[in-house]
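Student: Mind looking over this structure? Questions follow.
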Amino acid sequence: FAMVGRCEVKFQNFGIPQDRVALLLTLCDAQSPGKELAVLCTHLTYPHSVFDARARDAQMSVCLEEAAKHLQGDTLIVAGDLNGPSTDDVADRLRQAGLESAWDVVHGRPCKVTHVDHRGNQFASDHVWFRGSLRAIKAQLLPVGVADKEQLSRPKVGAAATSGPEMPSSLVAWCDLSDHRPLLTSFSWS
């Protein structure tokens with residue numbers, strides 16, 4: 001892919017008083033002339049309160065508005081830590097904009113757990129949504145082979161320093177690195 005455009009979305013510039021951002025890249029496929037897509041990555045506010053829930057909704061609205069301004073066609077990927085499941089109000093907004101959850105499409109159901117929050121709650125907060133000329137062909141969590149229902153533990157400071165540079169193959173070792181499980185998604189042009 002070659003980058004056609006880049007837009008940094010700073011939510012404070014849109015009157016949302018939280019220090020969160022999104023990055024929107026417009027890309028063209030060097031191997032398929034004329035094929036273009038936009039990829040937006042963000043980390044939405046954690047919904048501690050009704051105020052935060054409204055801010056999350058406003059943040060996603062801004063993301064979708066900015067994507068509409070910069071995207072030539074309809075093909076869009078929205079990815080990141082959305083701090084909510086694929087069944088909440090932000091997910092409804094994404095569906096209204098014509099996007100689908102890649103995990104839901106591939107597995108036929110919502111993902112269960114990708115994150116353990118600071119209160120110990122387990123839920124799927126990491127997502128990849130898409131629309132347009134793409135087909136989701138794979139969606140898997142790392143480490144591979146560990147079911148999405150498995151519970152995570154909070155990282156312990158310094159625990160990851162005892163392992164080598166290899167990617168952890170167990171969930172216990174992964175949890176030493178992060179309180180999130182990465183979601184890898186593969187697409188093909190439809």
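Just so we're on the same page: first chain in the structure tokens is A, next is B, and so on; residues restart at 1 for each chain, and ligands are numbered from 1 in the order they show up.
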Write out as a list in words each polymer residue whose atoms come within 8 Å of Ala124 (chain A), counting only C-alpha atoms; drop sequence neighbours fewer than 2 positions from it.
Tutor: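 Close residues of Ala124 (chain A): Asn83, Gly84, Pro85, Ser86, Cys111, Lys112, Val113, Thr114, His115, Gln122, Asp126 and His127 of chain A.
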Student: For Leu71 (chain A), work out the shell of residues within 7 Å, counting only C-alpha atoms and skipping chain neighbours fewer than 4 positions away, then give it as a list in words.
Tutor: Thr26, Ala38 and Ala67 of chain A
Student: Using only C-alpha atoms, which residue out of A:Leu40, A:Ile16, A:Gly80, A:Asp29 lies closest to Ala58 (chain A)?
Tutor: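 Closest to Ala58 (chain A), using only C-alpha atoms: A:Ile16.
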Student: Find the residues of region 15-129 of chain A that sit at most 8 Å from region 5-10 of chain A; for each, write down the nearest two atoms and how far apart they are in Å, to one decimal. Count only C-alpha atoms. Sort by chain, then by number going up, and give it as a Markdown table.
Tutor:
```
| residue | atom | partner | partner_atom | distance |
| --- | --- | --- | --- | --- |
| A:Asp19 | CA | A:Lys10 | CA | 7.8 |
| A:Arg20 | CA | A:Lys10 | CA | 6.6 |
| A:Val21 | CA | A:Lys10 | CA | 4.7 |
| A:Ala22 | CA | A:Val9 | CA | 4.9 |
| A:Leu23 | CA | A:Glu8 | CA | 4.8 |
| A:Leu24 | CA | A:Cys7 | CA | 5.1 |
| A:Leu25 | CA | A:Arg6 | CA | 4.6 |
| A:Thr26 | CA | A:Gly5 | CA | 4.9 |
| A:Leu27 | CA | A:Gly5 | CA | 7.1 |
| A:Cys63 | CA | A:Val9 | CA | 7.4 |
| A:Glu66 | CA | A:Val9 | CA | 7.7 |
```
Student: Write out as a ChimeraX atom specification all residues of region 55-152 of chain A that DSSP puts in helix (DSSP H, G or I) for this structure's backbone.
Tutor: /A:55-70,89-96,102-107
Student: Let's see if you can do this: from backbone DSSP, list all strand (DSSP E or B) residues in chain A, as a PyMOL selection string.
Tutor: chain A and resi 2-10+21-28+36-43+76-81+100-101+115-116+122-123+126-131+134-141+180+183-189
Student: Which residues come within 7 Å of Ala136 (chain A), counting only C-alpha atoms, excluding same-chain residues fewer than 4 positions away, as an NGL selection string?
Tutor: :A and (102 or 106 or 186-188)
Student: Between A:Met167, A:Ala68, A:Val172, A:Leu134, which residue has the minimum interatomic distance to Glu150 (chain A), considering only C-alpha atoms?
Tutor: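 Smallest separation from Glu150 (chain A) among the options: A:Val172.
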Student: Using only C-alpha atoms for the distances, tell me which of A:Val157, A:Leu94, A:Leu184, A:Cys175 is nearest to Ile137 (chain A).
Tutor: A:Leu184
Student: One decimal, in Å: what's the spacing between CA of Asp81 (chain A) and CA of Gly132 (chain A)?
Tutor: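 Going from CA of Asp81 (chain A) over to CA of Gly132 (chain A), I get 21.7 Å.
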Student: Please list as a list in words every residue within 9 Å of Trp103 (chain A), counting only C-alpha atoms and excluding residues in the same chain fewer than 6 positions away.
Tutor: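 Non-adjacent residues within range: Arg109, Pro110, Cys111, His127, Val128, Trp129, Ala136, Lys138, Ala139, Gln140, Leu183 and Thr185 of chain A.
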